[in-house]
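One structure below.
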Amino acid sequence: MRPRLPAPPRRPHRHDVLLAGGGLLCGLLLWTLHLHGGPPQFGLSPSLTLVALTAMSGAELLRRTAPTAALAVAVPALALDVSSASLLATDLMFTDLVYAAVLYGRPAAARRIPPYSVLLTVLATGVTAACWHSSRVLDVGIALALVTVCPAWTGMAIRNHRDEAEAARLRAEQTALLAERDRREAVIRERARMARELHDLVAGHLSAIAIHSTAAQTLDDPAATRDALGVIRENSVQGLAEMRRLIGLLRTGKPGDDEEPAATPTLDGLGALLARARTNGAASGLSFALDAPPATPPVAAPVELAAYRIVQESLTNALKHAAPGEVLVRLAQDAGTALTVTVRSPYDGRPGPRAPGSGAGLTGMRERIALLGGEFEAGPHSGPAGTVWLVRAALPAPEEETPR
């Protein structure tokens, strides 16, 4: 696709006015000094050279605003100039008009003028050779080429260079726009990832704090209150540590100098995750169980992290919403091709949660599964044992390559 040319100006450019005026003055000076060509042909008056000079100067005013029309005026003016007492200034202005017609004219005219100039030079030289048997025919052909072919092909070369430069500029602008769009999309994706990580790291601790603080306010048993305060302190310390580490990562992009790099959670940590959930959910009548094969084939690190976060968020939601009973976490893998995480919790349509939430838990889980190309569903499910809240995530789990 060729770049769109700018609209031609409506008034003559100041440079064109200078060229027209300078050419006219030079031609008049040459005429005054009798520095013109040989005798006129076909019995024409030598003064017609001044008419051709004036017409060529007027055409120069149109070299940018109407280049094709200017060339149409210049061709008969050149023929009149050659037939009468020729002036060098008129010939030079004609070469400029041919150049301008190719450079500033429409694309169709710019493509046709160079080959037509070659054809015109060849035909004119042939006709001259047929009518005038002289060794100076070659000089005529060279002169015609200098005033037609050379400026036409020079204009074409400069026009192609200009078009290529404009196309390169447009491509650079397009590349810059695409880079800016990619940067914004990357920032949005990174912000969403940070929001998910922050929610998964802190929501469980804050939910446990809210639940046990409520229990501490309502219970009159000093021992139960002491246990609730202990759980609150433990979750507060852990939540603050997680927040401190995450803030450090956001500020510097790496852990602090006095901090050990945090290991990525794996499925081996589900036992500790359920143990903490048992402590936090004991006051609400919740128990937690894990059903997983003793040896699970290795899965990709992003899949393992997503499965861990799914279980973590599901346990947090169970602490806030589940009815008293058992929360079952089950892991299954189908011939090493897909890892399925299922979390069942008792469901009785509680009027409100035990602790307030942001409502971003299910959204974050769906986003994690969607990024990996898996399947996710969450909602009440009726079964033989009654209604349960079922969270099911099917994750693609290709085996990781072992280092050689």
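Ordered as shown in the structure tokens, chains take letters A, B, and onward, while each chain numbers its residues from 1 and ligands are numbered from 1 in the order shown.
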Requested in this report: From a DSSP calculation on the backbone, collect every residue of region 9-81 of chain A in alpha helix (DSSP H) and output the set as a PyMOL selection string.
Outcome: chain A and resi 14-32+48-60+67-81
Requested in this report: Give the answer as one residue: which of A:Tyr104, A:Tyr308, A:Phe376, A:Tyr116 has the shortest atom-to-atom distance to Arg64 (chain A), using only C-alpha atoms?
Outcome: A:Tyr104
**Report entry** Shell around Arg309 (chain A) at 12 Å using only C-alpha atoms, local window under 6 positions removed, as a ChimeraX atom specification
**Finding:** /A:196-204,264-267,269-270,273,302-303,315-316,341,361-362,364-369,393
Selection export as a PDB file, in the first residue's frame, atoms kept: C-alpha atoms:
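Contents of selection_15.pdb, as written:
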```
ATOM      1  CA  ARG A 196      -4.571 -12.544  42.517  1.00  0.00           C
ATOM      2  CA  GLU A 197      -1.364 -13.226  44.458  1.00  0.00           C
ATOM      3  CA  LEU A 198      -2.178 -10.582  47.070  1.00  0.00           C
ATOM      4  CA  HIS A 199      -5.681 -11.954  47.521  1.00  0.00           C
ATOM      5  CA  ASP A 200      -4.484 -15.559  47.791  1.00  0.00           C
ATOM      6  CA  LEU A 201      -1.700 -14.715  50.245  1.00  0.00           C
ATOM      7  CA  VAL A 202      -3.627 -12.514  52.650  1.00  0.00           C
ATOM      8  CA  ALA A 203      -7.312 -13.408  52.341  1.00  0.00           C
ATOM      9  CA  GLY A 204      -7.005 -16.661  54.287  1.00  0.00           C
ATOM     10  CA  THR A 264       6.944 -21.346  45.210  1.00  0.00           C
ATOM     11  CA  PRO A 265       4.111 -23.287  46.876  1.00  0.00           C
ATOM     12  CA  THR A 266       3.790 -26.885  45.685  1.00  0.00           C
ATOM     13  CA  LEU A 267       1.287 -29.688  46.163  1.00  0.00           C
ATOM     14  CA  GLY A 269       2.464 -28.191  51.038  1.00  0.00           C
ATOM     15  CA  LEU A 270      -1.219 -29.122  51.008  1.00  0.00           C
ATOM     16  CA  LEU A 273      -2.327 -25.862  54.395  1.00  0.00           C
ATOM     17  CA  PRO A 302       2.563 -23.126  36.753  1.00  0.00           C
ATOM     18  CA  VAL A 303       0.014 -25.952  36.974  1.00  0.00           C
ATOM     19  CA  LEU A 315     -10.411 -23.540  51.993  1.00  0.00           C
ATOM     20  CA  THR A 316     -10.640 -19.802  52.696  1.00  0.00           C
ATOM     21  CA  VAL A 341      -8.688 -30.573  41.869  1.00  0.00           C
ATOM     22  CA  GLY A 361     -11.926 -15.322  45.028  1.00  0.00           C
ATOM     23  CA  LEU A 362     -13.928 -17.118  42.332  1.00  0.00           C
ATOM     24  CA  GLY A 364      -9.211 -15.125  40.551  1.00  0.00           C
ATOM     25  CA  MET A 365      -9.620 -18.903  40.320  1.00  0.00           C
ATOM     26  CA  ARG A 366     -11.335 -18.638  36.946  1.00  0.00           C
ATOM     27  CA  GLU A 367      -8.548 -16.381  35.668  1.00  0.00           C
ATOM     28  CA  ARG A 368      -5.858 -18.810  36.791  1.00  0.00           C
ATOM     29  CA  ILE A 369      -7.529 -21.743  35.062  1.00  0.00           C
ATOM     30  CA  ALA A 393     -10.732 -27.415  38.336  1.00  0.00           C
TER      31      ALA A 393
END
```
Query raised in the report: Can you tell me, as a ChimeraX atom specification, what residues are no more than 12 Å from Ala79 (chain A) when counting only C-alpha atoms, ignoring any on the same chain fewer than 6 positions away?
Result: /A:40-41,48-49,51-53,55-56,72-73,85-87,90-91,94,124,144
Query raised in the report: Skipping near chain neighbours, those fewer than 4 positions away, what residues fall within 12 Å of Leu50 (chain A) using only C-alpha atoms, listed as a PyMOL selection string?
Result: chain A and resi 23-32+36+45-46+54-57+77-78+80-82+84-90
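For the atom pair formed by CA of Ala69 (chain A) and CA of Ala167 (chain A), the distance is 27.8 Å, given to one decimal.
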Query raised in the report: What lies within 10 Å of Ala292 (chain A) using only C-alpha atoms, ignoring chain neighbours under 3 positions off, as a ChimeraX atom specification?
Result: /A:267,270,289,295-296,329-333,341
Preceding selection exported with all heavy atoms as an mmCIF file, in the first residue's frame:
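Writing the result to out21.cif gives the following:
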```cif
data_model
loop_
_atom_site.group_PDB
_atom_site.id
_atom_site.type_symbol
_atom_site.label_atom_id
_atom_site.label_comp_id
_atom_site.auth_asym_id
_atom_site.auth_seq_id
_atom_site.Cartn_x
_atom_site.Cartn_y
_atom_site.Cartn_z
ATOM 1 N N LEU A 267 2.330 -28.809 45.636
ATOM 2 C CA LEU A 267 1.287 -29.688 46.163
ATOM 3 C C LEU A 267 1.742 -30.420 47.413
ATOM 4 O O LEU A 267 0.903 -30.910 48.182
ATOM 5 C CB LEU A 267 0.866 -30.688 45.080
ATOM 6 C CG LEU A 267 0.216 -30.074 43.829
ATOM 7 C CD1 LEU A 267 -0.119 -31.156 42.819
ATOM 8 C CD2 LEU A 267 -1.033 -29.293 44.213
ATOM 9 N N LEU A 270 0.216 -29.076 50.711
ATOM 10 C CA LEU A 270 -1.219 -29.122 51.008
ATOM 11 C C LEU A 270 -1.489 -29.639 52.418
ATOM 12 O O LEU A 270 -2.465 -29.236 53.060
ATOM 13 C CB LEU A 270 -1.938 -30.008 49.978
ATOM 14 C CG LEU A 270 -2.023 -29.459 48.551
ATOM 15 C CD1 LEU A 270 -2.804 -30.416 47.661
ATOM 16 C CD2 LEU A 270 -2.684 -28.089 48.545
ATOM 17 N N ALA A 289 -10.173 -32.805 55.243
ATOM 18 C CA ALA A 289 -9.539 -34.063 54.866
ATOM 19 C C ALA A 289 -8.963 -33.923 53.466
ATOM 20 O O ALA A 289 -9.486 -33.184 52.626
ATOM 21 C CB ALA A 289 -10.550 -35.214 54.917
ATOM 22 N N ALA A 295 1.731 -40.922 45.416
ATOM 23 C CA ALA A 295 2.774 -40.442 44.503
ATOM 24 C C ALA A 295 2.101 -39.897 43.249
ATOM 25 O O ALA A 295 1.432 -40.630 42.525
ATOM 26 C CB ALA A 295 3.749 -41.561 44.137
ATOM 27 N N THR A 296 2.236 -38.606 43.054
ATOM 28 C CA THR A 296 1.634 -37.956 41.886
ATOM 29 C C THR A 296 2.708 -37.679 40.844
ATOM 30 O O THR A 296 3.778 -37.165 41.192
ATOM 31 C CB THR A 296 0.976 -36.627 42.291
ATOM 32 O OG1 THR A 296 0.031 -36.897 43.319
ATOM 33 C CG2 THR A 296 0.260 -35.988 41.110
ATOM 34 N N VAL A 329 -10.809 -32.314 50.219
ATOM 35 C CA VAL A 329 -9.962 -31.899 49.098
ATOM 36 C C VAL A 329 -9.472 -33.158 48.402
ATOM 37 O O VAL A 329 -8.863 -34.026 49.051
ATOM 38 C CB VAL A 329 -8.774 -31.041 49.573
ATOM 39 C CG1 VAL A 329 -7.886 -30.664 48.395
ATOM 40 C CG2 VAL A 329 -9.272 -29.795 50.296
ATOM 41 N N ARG A 330 -9.721 -33.251 47.099
ATOM 42 C CA ARG A 330 -9.342 -34.459 46.359
ATOM 43 C C ARG A 330 -8.525 -34.069 45.129
ATOM 44 O O ARG A 330 -8.887 -33.152 44.391
ATOM 45 C CB ARG A 330 -10.595 -35.224 45.935
ATOM 46 C CG ARG A 330 -10.325 -36.474 45.085
ATOM 47 C CD ARG A 330 -11.602 -37.253 44.872
ATOM 48 N NE ARG A 330 -12.100 -37.777 46.149
ATOM 49 C CZ ARG A 330 -13.333 -38.252 46.328
ATOM 50 N NH1 ARG A 330 -14.204 -38.203 45.322
ATOM 51 N NH2 ARG A 330 -13.705 -38.722 47.494
ATOM 52 N N LEU A 331 -7.416 -34.790 44.942
ATOM 53 C CA LEU A 331 -6.573 -34.626 43.766
ATOM 54 C C LEU A 331 -6.602 -35.912 42.961
ATOM 55 O O LEU A 331 -6.517 -37.007 43.531
ATOM 56 C CB LEU A 331 -5.123 -34.304 44.156
ATOM 57 C CG LEU A 331 -4.864 -33.018 44.950
ATOM 58 C CD1 LEU A 331 -3.376 -32.877 45.210
ATOM 59 C CD2 LEU A 331 -5.383 -31.817 44.201
ATOM 60 N N ALA A 332 -6.708 -35.777 41.651
ATOM 61 C CA ALA A 332 -6.707 -36.938 40.761
ATOM 62 C C ALA A 332 -6.007 -36.554 39.472
ATOM 63 O O ALA A 332 -6.092 -35.402 39.023
ATOM 64 C CB ALA A 332 -8.132 -37.414 40.481
ATOM 65 N N GLN A 333 -5.329 -37.534 38.880
ATOM 66 C CA GLN A 333 -4.625 -37.302 37.627
ATOM 67 C C GLN A 333 -4.933 -38.442 36.674
ATOM 68 O O GLN A 333 -4.803 -39.613 37.033
ATOM 69 C CB GLN A 333 -3.122 -37.177 37.860
ATOM 70 C CG GLN A 333 -2.380 -36.620 36.664
ATOM 71 C CD GLN A 333 -0.973 -36.178 37.017
ATOM 72 O OE1 GLN A 333 -0.530 -36.399 38.129
ATOM 73 N NE2 GLN A 333 -0.288 -35.570 36.061
ATOM 74 N N VAL A 341 -8.595 -30.983 40.467
ATOM 75 C CA VAL A 341 -8.688 -30.573 41.869
ATOM 76 C C VAL A 341 -10.157 -30.392 42.201
ATOM 77 O O VAL A 341 -10.869 -29.636 41.529
ATOM 78 C CB VAL A 341 -7.913 -29.258 42.114
ATOM 79 C CG1 VAL A 341 -8.033 -28.844 43.578
ATOM 80 C CG2 VAL A 341 -6.458 -29.411 41.719
#
```
Query raised in the report: Looking at A:Thr128, A:Thr148, A:Ser47, A:Thr68, which one is nearest to Pro115 (chain A), with distances taken over only C-alpha atoms?
Result: A:Thr148
Query - Point-to-point distance from CA of Ala338 (chain A) to CA of Ala306 (chain A), Å rounded to tenths - result: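 Between these atoms lies a distance of 13.1 Å.
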Query raised in the report: Can you tell me, as a VMD selection string, what residues are no more than 10 Å from Arg10 (chain A) when counting only C-alpha atoms, ignoring any on the same chain fewer than 5 positions away?
Result: chain A and resid 62 64 to 66
Can you write out the residues you just picked, keeping all heavy atoms, as a PDB file, in the first residue's frame?
```
ATOM      1  N   LEU A  62       2.997  26.797 -11.748  1.00  0.00           N
ATOM      2  CA  LEU A  62       2.076  25.683 -11.488  1.00  0.00           C
ATOM      3  C   LEU A  62       2.806  24.376 -11.234  1.00  0.00           C
ATOM      4  O   LEU A  62       2.172  23.319 -11.211  1.00  0.00           O
ATOM      5  CB  LEU A  62       1.130  25.508 -12.686  1.00  0.00           C
ATOM      6  CG  LEU A  62       0.337  26.734 -13.116  1.00  0.00           C
ATOM      7  CD1 LEU A  62      -0.483  26.409 -14.362  1.00  0.00           C
ATOM      8  CD2 LEU A  62      -0.564  27.217 -11.991  1.00  0.00           C
ATOM      9  N   ARG A  64       3.962  22.901  -8.685  1.00  0.00           N
ATOM     10  CA  ARG A  64       3.500  22.137  -7.519  1.00  0.00           C
ATOM     11  C   ARG A  64       1.983  22.037  -7.466  1.00  0.00           C
ATOM     12  O   ARG A  64       1.446  20.995  -7.102  1.00  0.00           O
ATOM     13  CB  ARG A  64       4.007  22.779  -6.215  1.00  0.00           C
ATOM     14  CG  ARG A  64       5.499  22.712  -6.009  1.00  0.00           C
ATOM     15  CD  ARG A  64       5.879  23.461  -4.740  1.00  0.00           C
ATOM     16  NE  ARG A  64       7.286  23.722  -4.643  1.00  0.00           N
ATOM     17  CZ  ARG A  64       8.149  23.016  -3.898  1.00  0.00           C
ATOM     18  NH1 ARG A  64       7.711  21.992  -3.207  1.00  0.00           N
ATOM     19  NH2 ARG A  64       9.430  23.333  -3.866  1.00  0.00           N
ATOM     20  N   THR A  65       1.295  23.126  -7.775  1.00  0.00           N
ATOM     21  CA  THR A  65      -0.156  23.144  -7.647  1.00  0.00           C
ATOM     22  C   THR A  65      -0.835  22.325  -8.736  1.00  0.00           C
ATOM     23  O   THR A  65      -1.843  21.656  -8.483  1.00  0.00           O
ATOM     24  CB  THR A  65      -0.681  24.585  -7.693  1.00  0.00           C
ATOM     25  OG1 THR A  65      -0.241  25.200  -8.914  1.00  0.00           O
ATOM     26  CG2 THR A  65      -0.153  25.386  -6.512  1.00  0.00           C
ATOM     27  N   ALA A  66      -0.318  22.349  -9.971  1.00  0.00           N
ATOM     28  CA  ALA A  66      -0.901  21.589 -11.084  1.00  0.00           C
ATOM     29  C   ALA A  66       0.238  21.129 -11.984  1.00  0.00           C
ATOM     30  O   ALA A  66       0.410  21.651 -13.100  1.00  0.00           O
ATOM     31  CB  ALA A  66      -1.913  22.428 -11.848  1.00  0.00           C
TER      32      ALA A  66
END
```
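Pairwise distance (CA of Ala129 (chain A), CA of Ser117 (chain A)) equals 18.1 Å.
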